[in-house]
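So the structure is just underneath, and the comments pick up after that.
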Amino acid sequence: MKRCGTCKQELPCEEFHKNKNAKDGRHFRCKRCESSNQLKRKFGINMDQYEILLSVQGGGCAICGFKQKHKRLAVDHDHACCSGDITCGKCVRGLLCEACNHMLGKAQDDSDRLRSAADYVDKWRNR
């Protein structure tokens with residue numbers, strides 16, 4: 001058992017990432033608190049806000065509904081608001097699977113391009 005340096009909860013050692021530089025071989029912050037810290041730094045939201053978004057989306061990707069099992073969905077934000085790797089948190093649009101996140105990125109968030117792509121696929125599917 002180990003106490004998290006952030007939430008102060010006593011948790012099993014498996015709830016802490018490995019850290020070869022630490023005396024006990026584990027990170028000082030539990031996995032949940034570390035994830036929350038990373039979300040806050042990069043996207044301006046915490047783990048509770050992430051989980052609310054995920055619940056509102058039915059537990060899956062906001063576009064296709066895919067439910068990832070072993071990793072978090074990507075936090076999608078409006079690049080017109082925050083173009084860098086760090087966001088303000090106000091422009092978070094939802095959570096996306098890797099495929100949908102890449103699709104939006106490749107289309108440069110251009111809704112006309114995405115509609116045109118959908119029309120193209122439908123045209124060839126309905127032949």
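Every chain in the structure tokens takes a letter, A first, then B, and so on in the order presented; its residues are numbered from 1, and the ligands are numbered from 1 following the presented order.
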Can you pull out every residue from chain A that DSSP, working from the backbone, puts in strand (DSSP E), and format the result as a ChimeraX atom specification? /A:2-3,10-11,16-18,26-30,74-77,92-96
List every residue of chain A that DSSP, applied to the backbone of this structure, places in helix (DSSP H, G or I), and write the result as a PyMOL selection string. chain A and resi 13-15+31-43+47-56+98-106+111-125
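Closest to A:Cys82 among A:Arg29, A:Lys42, A:Arg127, A:Lys18 is A:Lys42, based on only C-alpha atoms.
Taking only C-alpha atoms into account, A:Met47 lies nearest to A:Arg32 out of the set A:Lys123, A:Arg32, A:His17, A:Lys106.
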Do a neighbour search on A:Leu96 at 9 Å with only C-alpha atoms, toss out local chain neighbours closer than 3 positions, and write the hits as a list in words. Gly60, Cys61, Ala62, Ile63, Cys64, Gly65, Phe66, Leu73, Ala74, Val75, Asp76, Ala99, Cys100 and Asn101 of chain A
Output of the above residues as an mmCIF file, in the first residue's frame, restricted to C-alpha atoms:
```
data_model
loop_
_atom_site.group_PDB
_atom_site.id
_atom_site.type_symbol
_atom_site.label_atom_id
_atom_site.label_comp_id
_atom_site.auth_asym_id
_atom_site.auth_seq_id
_atom_site.Cartn_x
_atom_site.Cartn_y
_atom_site.Cartn_z
ATOM 1 C CA GLY A 60 -17.512 6.055 -26.330
ATOM 2 C CA CYS A 61 -16.224 8.276 -29.114
ATOM 3 C CA ALA A 62 -18.359 11.381 -29.793
ATOM 4 C CA ILE A 63 -18.334 10.606 -33.520
ATOM 5 C CA CYS A 64 -18.492 6.836 -33.994
ATOM 6 C CA GLY A 65 -19.355 5.595 -30.491
ATOM 7 C CA PHE A 66 -16.341 3.248 -30.288
ATOM 8 C CA LEU A 73 -10.138 8.649 -25.680
ATOM 9 C CA ALA A 74 -8.415 11.709 -27.133
ATOM 10 C CA VAL A 75 -9.580 15.104 -25.918
ATOM 11 C CA ASP A 76 -10.758 17.020 -28.999
ATOM 12 C CA ALA A 99 -9.294 7.029 -35.819
ATOM 13 C CA CYS A 100 -11.864 9.837 -35.582
ATOM 14 C CA ASN A 101 -9.346 12.189 -33.993
#
```
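Atom CA of A:Lys40 is positioned 27.0 Å from atom CA of A:Lys23.
The space between atom CA of A:Gly89 and atom CA of A:Gly58 spans 21.1 Å.
Between atom CA of A:Pro12 and atom CA of A:Gly25 there is a distance of 13.2 Å.
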Rank nothing, just name the residue among A:Leu95, A:Glu10, A:Asn126, A:Asp119 nearest to A:Ser55, using only C-alpha atoms. A:Leu95
For A:Leu11, please output as a ChimeraX atom specification all residues within 8 Å (counting only C-alpha atoms; exclusion window: fewer than 4 positions along the same chain). /A:1-4,15,30
